[in-house]
file work_36.cif (mmCIF, C-alpha atoms)
data_protein
#
loop_
_atom_site.label_atom_id
_atom_site.label_comp_id
_atom_site.auth_asym_id
_atom_site.auth_seq_id
_atom_site.Cartn_x
_atom_site.Cartn_y
_atom_site.Cartn_z
CA TYR A 1 0.00 0.00 0.00
CA ILE A 2 0.94 3.61 -0.63
CA ILE A 3 -1.16 5.63 1.79
CA GLY A 4 -1.19 9.24 2.88
CA SER A 5 0.17 12.37 1.26
CA GLY A 6 3.38 13.13 -0.56
CA SER A 7 4.80 12.69 -4.04
CA GLY A 8 7.60 11.28 -6.16
CA ILE A 9 7.46 7.51 -5.63
CA ASP A 10 8.76 5.14 -8.33
CA ILE A 11 7.98 1.40 -8.30
CA VAL A 12 10.14 -0.10 -11.04
CA GLY A 13 11.78 -3.41 -11.89
CA ASN A 14 9.95 -5.54 -9.32
CA THR A 15 8.36 -8.97 -9.37
CA ILE A 16 5.13 -8.77 -7.37
CA GLY A 17 3.10 -11.93 -6.78
CA LEU A 18 5.24 -14.65 -8.35
CA ASP A 19 6.75 -17.57 -6.45
CA ALA A 20 10.37 -18.72 -6.63
CA ASN A 21 9.61 -20.61 -9.85
CA GLY A 22 8.15 -17.54 -11.51
CA ASP A 23 4.55 -18.79 -11.29
CA PRO A 24 1.67 -16.47 -10.29
CA VAL A 25 0.38 -18.69 -7.48
CA LEU A 26 1.21 -16.90 -4.23
CA GLY A 27 -2.36 -15.67 -3.87
CA SER A 28 -1.62 -12.35 -2.21
CA VAL A 29 -4.55 -9.94 -1.99
CA THR A 30 -3.48 -6.99 -4.14
CA GLY A 31 -0.38 -5.89 -6.03
CA VAL A 32 0.06 -2.10 -5.83
CA ASP A 33 -2.64 -0.10 -4.04
CA VAL A 34 -2.37 3.70 -3.99
CA GLU A 35 -4.86 5.28 -1.57
CA SER A 36 -5.36 8.47 0.45
CA PHE A 37 -8.00 7.69 3.11
CA GLY A 38 -8.75 11.29 3.99
CA PHE A 39 -5.26 12.69 3.45
CA ALA A 40 -4.48 15.33 0.85
CA GLY A 41 -3.60 12.54 -1.56
CA VAL A 42 -0.38 11.13 -2.93
CA THR A 43 0.75 12.43 -6.31
CA ASP A 44 3.36 11.74 -8.96
CA ILE A 45 3.51 7.97 -8.55
CA THR A 46 5.13 5.83 -11.25
CA VAL A 47 4.51 2.10 -11.57
CA GLY A 48 6.84 0.64 -14.17
CA GLY A 49 8.31 2.34 -17.22
CA THR A 50 9.25 1.64 -20.82
CA GLY A 51 13.01 1.78 -20.31
CA PRO A 52 15.20 -1.31 -19.86
CA GLY A 53 14.39 -3.08 -16.59
CA GLN A 54 11.76 -0.55 -15.51
CA GLY A 55 8.64 -2.64 -16.04
CA ASN A 56 7.22 -4.64 -13.15
CA VAL A 57 5.64 -8.10 -13.24
CA ILE A 58 2.40 -7.93 -11.24
CA ALA A 59 0.50 -11.23 -11.30
CA GLY A 60 -1.33 -13.85 -9.28
CA HIS A 61 -3.28 -11.63 -6.91
CA ILE A 62 -6.72 -12.50 -5.54
CA PHE A 63 -8.07 -9.06 -6.34
CA ARG A 64 -6.57 -6.23 -8.40
CA ALA A 65 -3.04 -5.78 -9.73
CA VAL A 66 -2.92 -1.96 -9.49
CA THR A 67 -5.55 0.12 -7.69
CA VAL A 68 -5.76 3.92 -7.83
CA GLY A 69 -7.89 5.39 -5.02
CA ARG A 70 -10.74 7.76 -5.75
CA VAL A 71 -8.91 11.01 -4.87
CA VAL A 72 -5.46 10.01 -6.16
CA PRO A 73 -4.83 12.26 -9.18
CA GLN A 74 -1.78 10.88 -10.96
CA VAL A 75 -0.39 7.38 -11.07
CA ARG A 76 1.57 6.59 -14.24
CA ILE A 77 1.30 2.84 -15.03
CA SER A 78 3.43 1.88 -18.01
CA GLY A 79 5.47 -0.94 -19.52
CA ASN A 80 4.46 -3.59 -16.98
CA SER A 81 3.51 -7.25 -17.35
CA ILE A 82 0.13 -7.59 -15.62
CA TYR A 83 -1.71 -10.92 -15.78
CA ALA A 84 -3.45 -13.76 -13.92
CA ASN A 85 -5.08 -11.49 -11.35
CA GLY A 86 -8.53 -12.29 -9.98
CA GLU A 87 -10.00 -8.85 -10.76
CA LEU A 88 -9.00 -5.93 -12.97
CA GLY A 89 -5.40 -5.41 -13.97
CA ILE A 90 -5.80 -1.66 -13.39
CA GLU A 91 -8.64 -0.40 -11.21
CA LEU A 92 -9.57 3.29 -11.07
CA VAL A 93 -11.94 3.80 -8.14
CA ASP A 94 -14.75 6.30 -8.74
CA ASP A 95 -16.10 8.98 -6.42
CA ALA A 96 -18.64 6.56 -4.96
CA SER A 97 -15.87 4.05 -4.16
CA GLN A 98 -17.26 1.65 -6.78
CA TYR A 99 -15.06 -1.07 -8.27
CA GLY A 100 -15.22 -2.68 -11.70
CA VAL A 101 -14.76 -1.56 -15.30
CA THR A 102 -15.21 2.21 -15.65
CA VAL A 103 -16.89 2.89 -18.99
CA ASN A 104 -15.68 5.76 -21.14
CA ASP A 105 -17.66 8.98 -20.98
CA PRO A 106 -17.95 11.97 -23.36
CA LEU A 107 -14.91 14.26 -23.14
CA ASP A 108 -13.72 12.31 -20.08
CA ALA A 109 -15.54 14.63 -17.70
CA ASP A 110 -16.01 12.19 -14.81
CA THR A 111 -13.85 12.17 -11.68
CA GLY A 112 -12.16 9.61 -9.46
CA GLY A 113 -8.80 7.87 -9.35
CA ASN A 114 -6.56 9.23 -12.15
CA GLY A 115 -9.56 11.30 -13.22
CA LEU A 116 -11.13 8.01 -14.45
CA GLN A 117 -9.08 8.53 -17.59
CA ASN A 118 -10.79 7.06 -20.67
CA PHE A 119 -9.12 4.03 -22.24
CA PRO A 120 -8.46 3.57 -25.99
CA GLU A 121 -10.88 1.64 -28.19
CA ILE A 122 -9.05 -0.89 -30.36
CA ALA A 123 -10.79 -1.54 -33.68
CA SER A 124 -8.50 -4.29 -34.97
CA ALA A 125 -5.19 -6.03 -34.36
CA SER A 126 -3.21 -8.18 -36.78
CA THR A 127 0.17 -9.87 -36.99
CA ASN A 128 2.44 -11.09 -39.76
CA GLY A 129 4.63 -13.05 -37.35
CA ALA A 130 7.21 -10.31 -36.85
CA THR A 131 5.13 -7.21 -36.20
CA VAL A 132 1.73 -6.32 -34.77
CA GLN A 133 -0.51 -3.65 -36.24
CA ILE A 134 -3.13 -2.07 -33.97
CA VAL A 135 -5.76 0.38 -35.21
CA GLY A 136 -8.24 2.30 -33.11
CA THR A 137 -9.32 5.54 -31.53
CA LEU A 138 -9.20 7.47 -28.28
CA HIS A 139 -12.03 9.72 -27.14
CA SER A 140 -11.00 11.79 -24.14
CA SER A 141 -10.44 15.37 -23.02
CA PRO A 142 -10.04 17.81 -25.93
CA SER A 143 -6.75 19.21 -27.22
CA ASP A 144 -4.57 17.05 -24.99
CA GLU A 145 -1.53 14.79 -25.41
CA PHE A 146 -1.70 11.09 -24.53
CA SER A 147 0.78 8.23 -24.41
CA LEU A 148 -0.77 4.93 -25.49
CA ASP A 149 0.71 1.61 -24.33
CA PHE A 150 -0.10 -1.65 -26.13
CA PHE A 151 -0.08 -5.18 -24.72
CA ALA A 152 -0.77 -8.79 -25.71
CA SER A 153 -2.03 -11.70 -23.60
CA PRO A 154 -2.86 -15.36 -24.33
CA THR A 155 -6.50 -14.85 -23.29
CA CYS A 156 -8.88 -12.06 -22.46
CA ASP A 157 -9.95 -11.28 -18.92
CA ALA A 158 -13.39 -12.60 -17.96
CA THR A 159 -14.72 -9.02 -17.93
CA GLY A 160 -13.82 -8.59 -21.60
CA PHE A 161 -11.35 -5.89 -20.59
CA GLY A 162 -7.77 -6.90 -20.61
CA GLU A 163 -4.80 -7.26 -18.53
CA GLY A 164 -1.48 -7.08 -20.36
CA GLU A 165 1.04 -9.88 -20.08
CA MET A 166 3.39 -8.78 -22.88
CA TYR A 167 4.27 -5.13 -23.36
CA LEU A 168 4.42 -4.41 -27.10
CA GLY A 169 5.28 -0.72 -27.36
CA SER A 170 3.78 2.75 -27.27
CA THR A 171 2.80 5.76 -29.35
CA THR A 172 1.68 9.35 -28.77
CA VAL A 173 -1.57 10.92 -29.96
CA PHE A 174 -3.16 14.36 -29.67
CA THR A 175 -6.91 14.80 -29.37
CA ASN A 176 -8.70 17.44 -31.40
CA GLY A 177 -11.21 19.98 -30.12
CA ALA A 178 -13.88 17.28 -29.98
CA GLY A 179 -11.65 15.04 -27.85
CA ASP A 180 -10.97 12.53 -30.64
CA ALA A 181 -7.74 10.97 -31.88
CA SER A 182 -7.04 7.93 -34.05
CA PHE A 183 -4.02 5.62 -34.11
CA ASP A 184 -2.60 3.09 -36.52
CA VAL A 185 0.66 1.68 -35.13
CA ILE A 186 3.00 -1.11 -36.16
CA LEU A 187 4.97 -2.61 -33.28
CA GLY A 188 7.99 -4.87 -33.59
CA ALA A 189 6.88 -7.92 -31.63
CA ALA A 190 6.27 -11.61 -32.36
CA VAL A 191 2.85 -12.52 -30.97
CA PRO A 192 1.11 -15.90 -31.49
CA GLU A 193 -2.08 -15.97 -33.51
CA GLY A 194 -5.15 -15.91 -31.30
CA TRP A 195 -3.66 -13.83 -28.51
CA VAL A 196 -5.54 -10.65 -27.61
CA ALA A 197 -4.44 -7.02 -27.69
CA THR A 198 -5.22 -4.35 -25.10
CA SER A 199 -4.16 -0.76 -24.54
CA THR A 200 -3.98 2.00 -21.93
CA ALA A 201 -3.94 5.78 -22.27
CA THR A 202 -1.92 8.17 -20.09
CA LEU A 203 -2.69 11.88 -19.98
CA GLU A 204 0.47 13.94 -20.47
CA PRO A 205 2.25 15.58 -18.81
CA LEU A 206 0.16 14.78 -15.72
CA GLY A 207 0.84 11.03 -15.91
CA ALA A 208 -2.66 9.68 -15.15
CA THR A 209 -3.19 6.24 -16.73
CA SER A 210 -6.48 4.61 -17.70
CA GLU A 211 -7.74 1.11 -17.03
CA PHE A 212 -7.06 -1.50 -19.70
CA SER A 213 -9.15 -1.34 -22.85
CA ALA A 214 -11.45 -4.06 -24.09
CA CYS A 215 -9.64 -7.06 -25.62
CA VAL A 216 -9.43 -7.59 -29.38
CA VAL A 217 -8.21 -10.85 -30.92
CA ILE A 218 -4.96 -10.52 -32.88
CA GLU A 219 -5.56 -12.05 -36.29
CA VAL A 220 -3.10 -13.13 -38.96
CA GLY A 221 -2.80 -10.43 -41.58
CA ASN A 222 -0.52 -8.02 -43.38
CA ALA A 223 0.79 -5.86 -40.57
CA THR A 224 2.60 -3.53 -42.96
CA ALA A 225 -0.46 -1.92 -44.50
CA THR A 226 -3.76 -0.52 -43.29
CA PRO A 227 -6.49 -2.68 -44.85
CA VAL A 228 -8.74 -2.34 -41.82
CA VAL A 229 -9.59 1.29 -42.56
CA SER A 230 -11.85 2.34 -45.43
CA ALA A 231 -10.31 5.38 -47.10
CA GLY A 232 -11.50 7.47 -50.01
CA ALA A 233 -9.34 9.15 -52.60
CA SER A 234 -9.89 12.52 -50.93
CA GLY A 235 -8.48 11.27 -47.61
CA ILE A 236 -11.82 10.62 -45.90
CA ARG A 237 -11.42 7.61 -43.57
CA LEU A 238 -14.07 5.37 -42.01
CA LEU A 239 -12.81 3.16 -39.18
CA PRO A 240 -14.34 -0.07 -37.85
CA SER A 241 -16.91 0.51 -35.13
CA THR A 242 -15.99 -0.39 -31.55
CA PRO A 243 -16.93 -2.68 -30.00
CA ASN A 244 -17.83 -5.02 -32.83
CA PRO A 245 -19.71 -7.32 -32.33
CA PHE A 246 -21.73 -5.28 -29.82
CA ARG A 247 -24.76 -5.77 -27.62
CA LEU A 248 -25.82 -2.30 -26.45
CA ASP A 249 -24.09 0.33 -28.55
CA THR A 250 -21.11 0.80 -30.83
CA ALA A 251 -19.00 3.87 -31.63
CA ILE A 252 -18.39 4.79 -35.27
CA HIS A 253 -15.32 6.89 -36.03
CA TYR A 254 -14.44 8.78 -39.18
CA THR A 255 -11.96 11.48 -40.16
CA LEU A 256 -12.31 14.33 -42.65
CA PRO A 257 -9.44 16.21 -44.32
CA ALA A 258 -11.67 19.28 -44.75
CA ALA A 259 -15.13 20.52 -43.78
CA VAL A 260 -17.80 18.73 -45.85
CA ASP A 261 -21.46 17.73 -45.75
CA VAL A 262 -21.77 14.33 -44.07
CA HIS A 263 -24.53 11.73 -44.26
CA LEU A 264 -23.98 8.71 -41.99
CA ALA A 265 -26.66 6.02 -41.89
CA VAL A 266 -27.22 2.41 -40.82
CA TYR A 267 -28.74 -0.21 -43.14
CA ASP A 268 -29.82 -3.78 -42.54
CA ALA A 269 -28.48 -6.79 -44.47
CA ALA A 270 -31.20 -6.33 -47.13
CA GLY A 271 -30.14 -2.73 -47.76
CA ARG A 272 -33.11 -1.12 -45.99
CA LEU A 273 -32.48 2.12 -44.13
CA VAL A 274 -32.51 1.59 -40.36
CA ARG A 275 -31.45 4.97 -39.03
CA VAL A 276 -29.75 8.19 -40.10
CA LEU A 277 -27.06 9.01 -37.53
CA GLU A 278 -25.71 12.24 -39.00
CA ASN A 279 -26.82 14.58 -41.78
CA ALA A 280 -24.98 17.85 -41.40
CA ARG A 281 -21.82 19.72 -42.29
CA ARG A 282 -18.85 18.63 -40.17
CA PRO A 283 -15.42 20.26 -39.74
CA ALA A 284 -12.08 18.69 -40.58
CA GLY A 285 -10.72 16.20 -38.05
CA SER A 286 -11.80 13.07 -36.22
CA HIS A 287 -15.45 12.44 -35.39
CA ARG A 288 -17.28 9.91 -33.22
CA VAL A 289 -20.92 8.86 -33.46
CA VAL A 290 -22.61 6.23 -31.28
CA TRP A 291 -25.32 3.91 -32.59
CA ASP A 292 -27.40 2.44 -29.77
CA GLY A 293 -28.86 -0.45 -31.78
CA ARG A 294 -32.17 1.34 -32.36
CA SER A 295 -34.07 2.31 -35.48
CA GLY A 296 -35.06 5.86 -36.39
CA ASP A 297 -38.31 5.56 -34.43
CA GLY A 298 -36.49 4.45 -31.28
CA ARG A 299 -37.21 0.71 -31.43
CA ARG A 300 -34.51 -1.82 -30.57
CA VAL A 301 -33.64 -3.68 -33.75
CA ALA A 302 -33.04 -7.43 -33.93
CA GLY A 303 -29.58 -8.92 -33.71
CA GLY A 304 -27.77 -9.50 -36.98
CA VAL A 305 -25.47 -7.92 -39.55
CA TYR A 306 -25.83 -4.21 -40.25
CA PHE A 307 -23.92 -1.80 -42.47
CA TYR A 308 -23.08 1.81 -41.77
CA ARG A 309 -22.39 4.04 -44.78
CA LEU A 310 -20.61 7.39 -44.77
CA ARG A 311 -21.31 9.74 -47.67
CA ALA A 312 -19.06 12.78 -47.74
CA GLY A 313 -17.19 14.82 -50.31
CA GLY A 314 -18.77 12.94 -53.20
CA GLU A 315 -17.61 9.57 -51.84
CA ALA A 316 -19.35 6.69 -50.07
CA LEU A 317 -17.58 4.37 -47.62
CA THR A 318 -19.24 1.36 -45.98
CA ARG A 319 -18.36 -0.95 -43.09
CA ARG A 320 -20.11 -3.79 -41.27
CA ALA A 321 -21.26 -4.07 -37.64
CA ILE A 322 -22.68 -7.14 -35.90
CA LEU A 323 -25.37 -6.68 -33.26
CA THR A 324 -25.94 -9.47 -30.75
CA ARG A 325 -29.06 -9.76 -28.59
#
call {"tool": "encode", "arguments": {"input": "work_36.cif", "output": "structure tokens"}}
result
Amino acid sequence: YIIGSGSGIDIVGNTIGLDANGDPVLGSVTGVDVESFGFAGVTDITVGGTGPGQGNVIAGHIFRAVTVGRVVPQVRISGNSIYANGELGIELVDDASQYGVTVNDPLDADTGGNGLQNFPEIASASTNGATVQIVGTLHSSPSDEFSLDFFASPTCDATGFGEGEMYLGSTTVFTNGAGDASFDVILGAAVPEGWVATSTATLEPLGATSEFSACVVIEVGNATATPVVSAGASGIRLLPSTPNPFRLDTAIHYTLPAAVDVHLAVYDAAGRLVRVLENARRPAGSHRVVWDGRSGDGRRVAGGVYFYRLRAGGEALTRRAILTR
């Protein structure tokens, strides 16, 4: 535990929770727990790092690997190997002291441990045996800088939101005025087919890290190109929706090189219009629209395959989404 007030604590290069054989079976309660319990709150805590020997191994705990208390503002969690824990790999506790996955919110306006920093949304992950390509988006506070860490694990956590056994690498993104940023990174790592990818986001320069993102299966593919993004000749890009498949709602992301009139609509497998999501002029940059699985008259539609089509700048781009009920 790190409890009380103060700042400037680094936890690097440790093995936390493994036995003498390197197995995560000790069964300790938690790994790293940063709390305040009525104090002013500890700040500027670093758990791990991306430099040689800085990452920690945090595994085999009954509950959480890393916990950030509800009034703790900045714990940087980076470059670690976090796996085989009974609950979340990274837990940000909210203002009501609730535990569990913290869903992303518009413009990341909620509060709690690490500001309940929004996590990235991975659209796809692929490997060619030597590299891993990960494509996705981040929706968070506007006009800010973020460091994104990427991880791979043999299986997904039971919650559907990952831990991260193998650190793959990182990149930096900057959100626009709407709080949106996209990423398409190629990381030099050999990852077996069928493993899953996850990611975290850290607000810079504060150093507040998110929980792990939802898991996405790493598929065999050409990890030297970008076939997972629909792109028009004018530079308009339509990304895969996340999550996909989805049960409640899915976020659709697209980017525009210039301000244009946009028409974004959902169609069923027979080509019938289900709902118009956007029909307006939009500025240049990244945009995010959520479809809640309902038709234009507000009814929940049946599970199945749907298509969302973006018409902009004289072009039409289409992608598929799968709704499960």
call {"tool": "closest_residue", "arguments": {"input": "work_36.cif", "among": "A:Asn80, A:Ser295, A:Asn279, A:Gln74", "to": "Leu310 (chain A)", "atoms": "only C-alpha atoms"}}
result
A:Asn279
call {"tool": "residues_around", "arguments": {"input": "work_36.cif", "residues": "Tyr308 (chain A)", "least_positions_apart": "5", "cutoff": "8 Å", "atoms": "all atoms listed in the file", "output": "MDAnalysis selection string"}}
result
chainID A and resid 264:267 318:321
call {"tool": "residues_around", "arguments": {"input": "work_36.cif", "residues": "Val220 (chain A)", "least_positions_apart": "6", "cutoff": "6 Å", "atoms": "all atoms listed in the file", "output": "MDAnalysis selection string"}}
result
chainID A and resid 126:128
call {"tool": "atom_distance", "arguments": {"input": "work_36.cif", "atom1": "CA of Ser182 (chain A)", "atom2": "CA of Thr50 (chain A)"}}
result
21.9 Å
call {"tool": "closest_residue", "arguments": {"input": "work_36.cif", "among": "A:His139, A:Val71, A:Gly27, A:Gly112", "to": "Asn85 (chain A)", "atoms": "only C-alpha atoms"}}
result
A:Gly27
call {"tool": "residues_around", "arguments": {"input": "work_36.cif", "residues": "region 160-172 of chain A", "least_positions_apart": "4", "cutoff": "7 Å", "atoms": "all atoms listed in the file", "output": "PyMOL selection string"}}
result
chain A and resi 79-83+89+146-153+156+187+189+198+212-215
call {"tool": "resolve_selection", "arguments": {"input": "work_36.cif", "expression": "the PyMOL selection byres ((chain A and resi 191) around 8)", "output": "PyMOL selection string"}}
result
chain A and resi 127+129-132+152+189-190+192-193+195
call {"tool": "residues_near_point", "arguments": {"input": "work_36.cif", "point": "(9.8, 0.3, -15.3)", "cutoff": "10 Å", "atoms": "all atoms listed in the file", "output": "list in words"}}
result
Asp10, Ile11, Val12, Gly13, Asn14, Thr46, Val47, Gly48, Gly49, Thr50, Gly51, Pro52, Gly53, Gln54, Gly55, Asn56, Val57, Ile77, Ser78, Gly79 and Asn80 of chain A
call {"tool": "closest_residue", "arguments": {"input": "work_36.cif", "among": "A:Arg309, A:Arg288, A:Arg64, A:Arg325", "to": "Arg272 (chain A)", "atoms": "all atoms listed in the file"}}
result
A:Arg309
call {"tool": "closest_residue", "arguments": {"input": "work_36.cif", "among": "A:Arg281, A:His287, A:His61, A:Arg76", "to": "Glu211 (chain A)", "atoms": "all atoms listed in the file"}}
result
A:Arg76
call {"tool": "atom_distance", "arguments": {"input": "work_36.cif", "atom1": "CA of Tyr306 (chain A)", "atom2": "CA of Val101 (chain A)"}}
result
27.4 Å
call {"tool": "residues_around", "arguments": {"input": "work_36.cif", "residues": "Asp19 (chain A)", "least_positions_apart": "5", "cutoff": "12 Å", "atoms": "only C-alpha atoms", "output": "VMD selection string"}}
result
chain A and resid 24 to 28 57 to 61
call {"tool": "residues_near_point", "arguments": {"input": "work_36.cif", "point": "(3.2, 14.6, -22.7)", "cutoff": "8 Å", "atoms": "only C-alpha atoms", "output": "VMD selection string"}}
result
chain A and resid 145 to 147 203 to 206
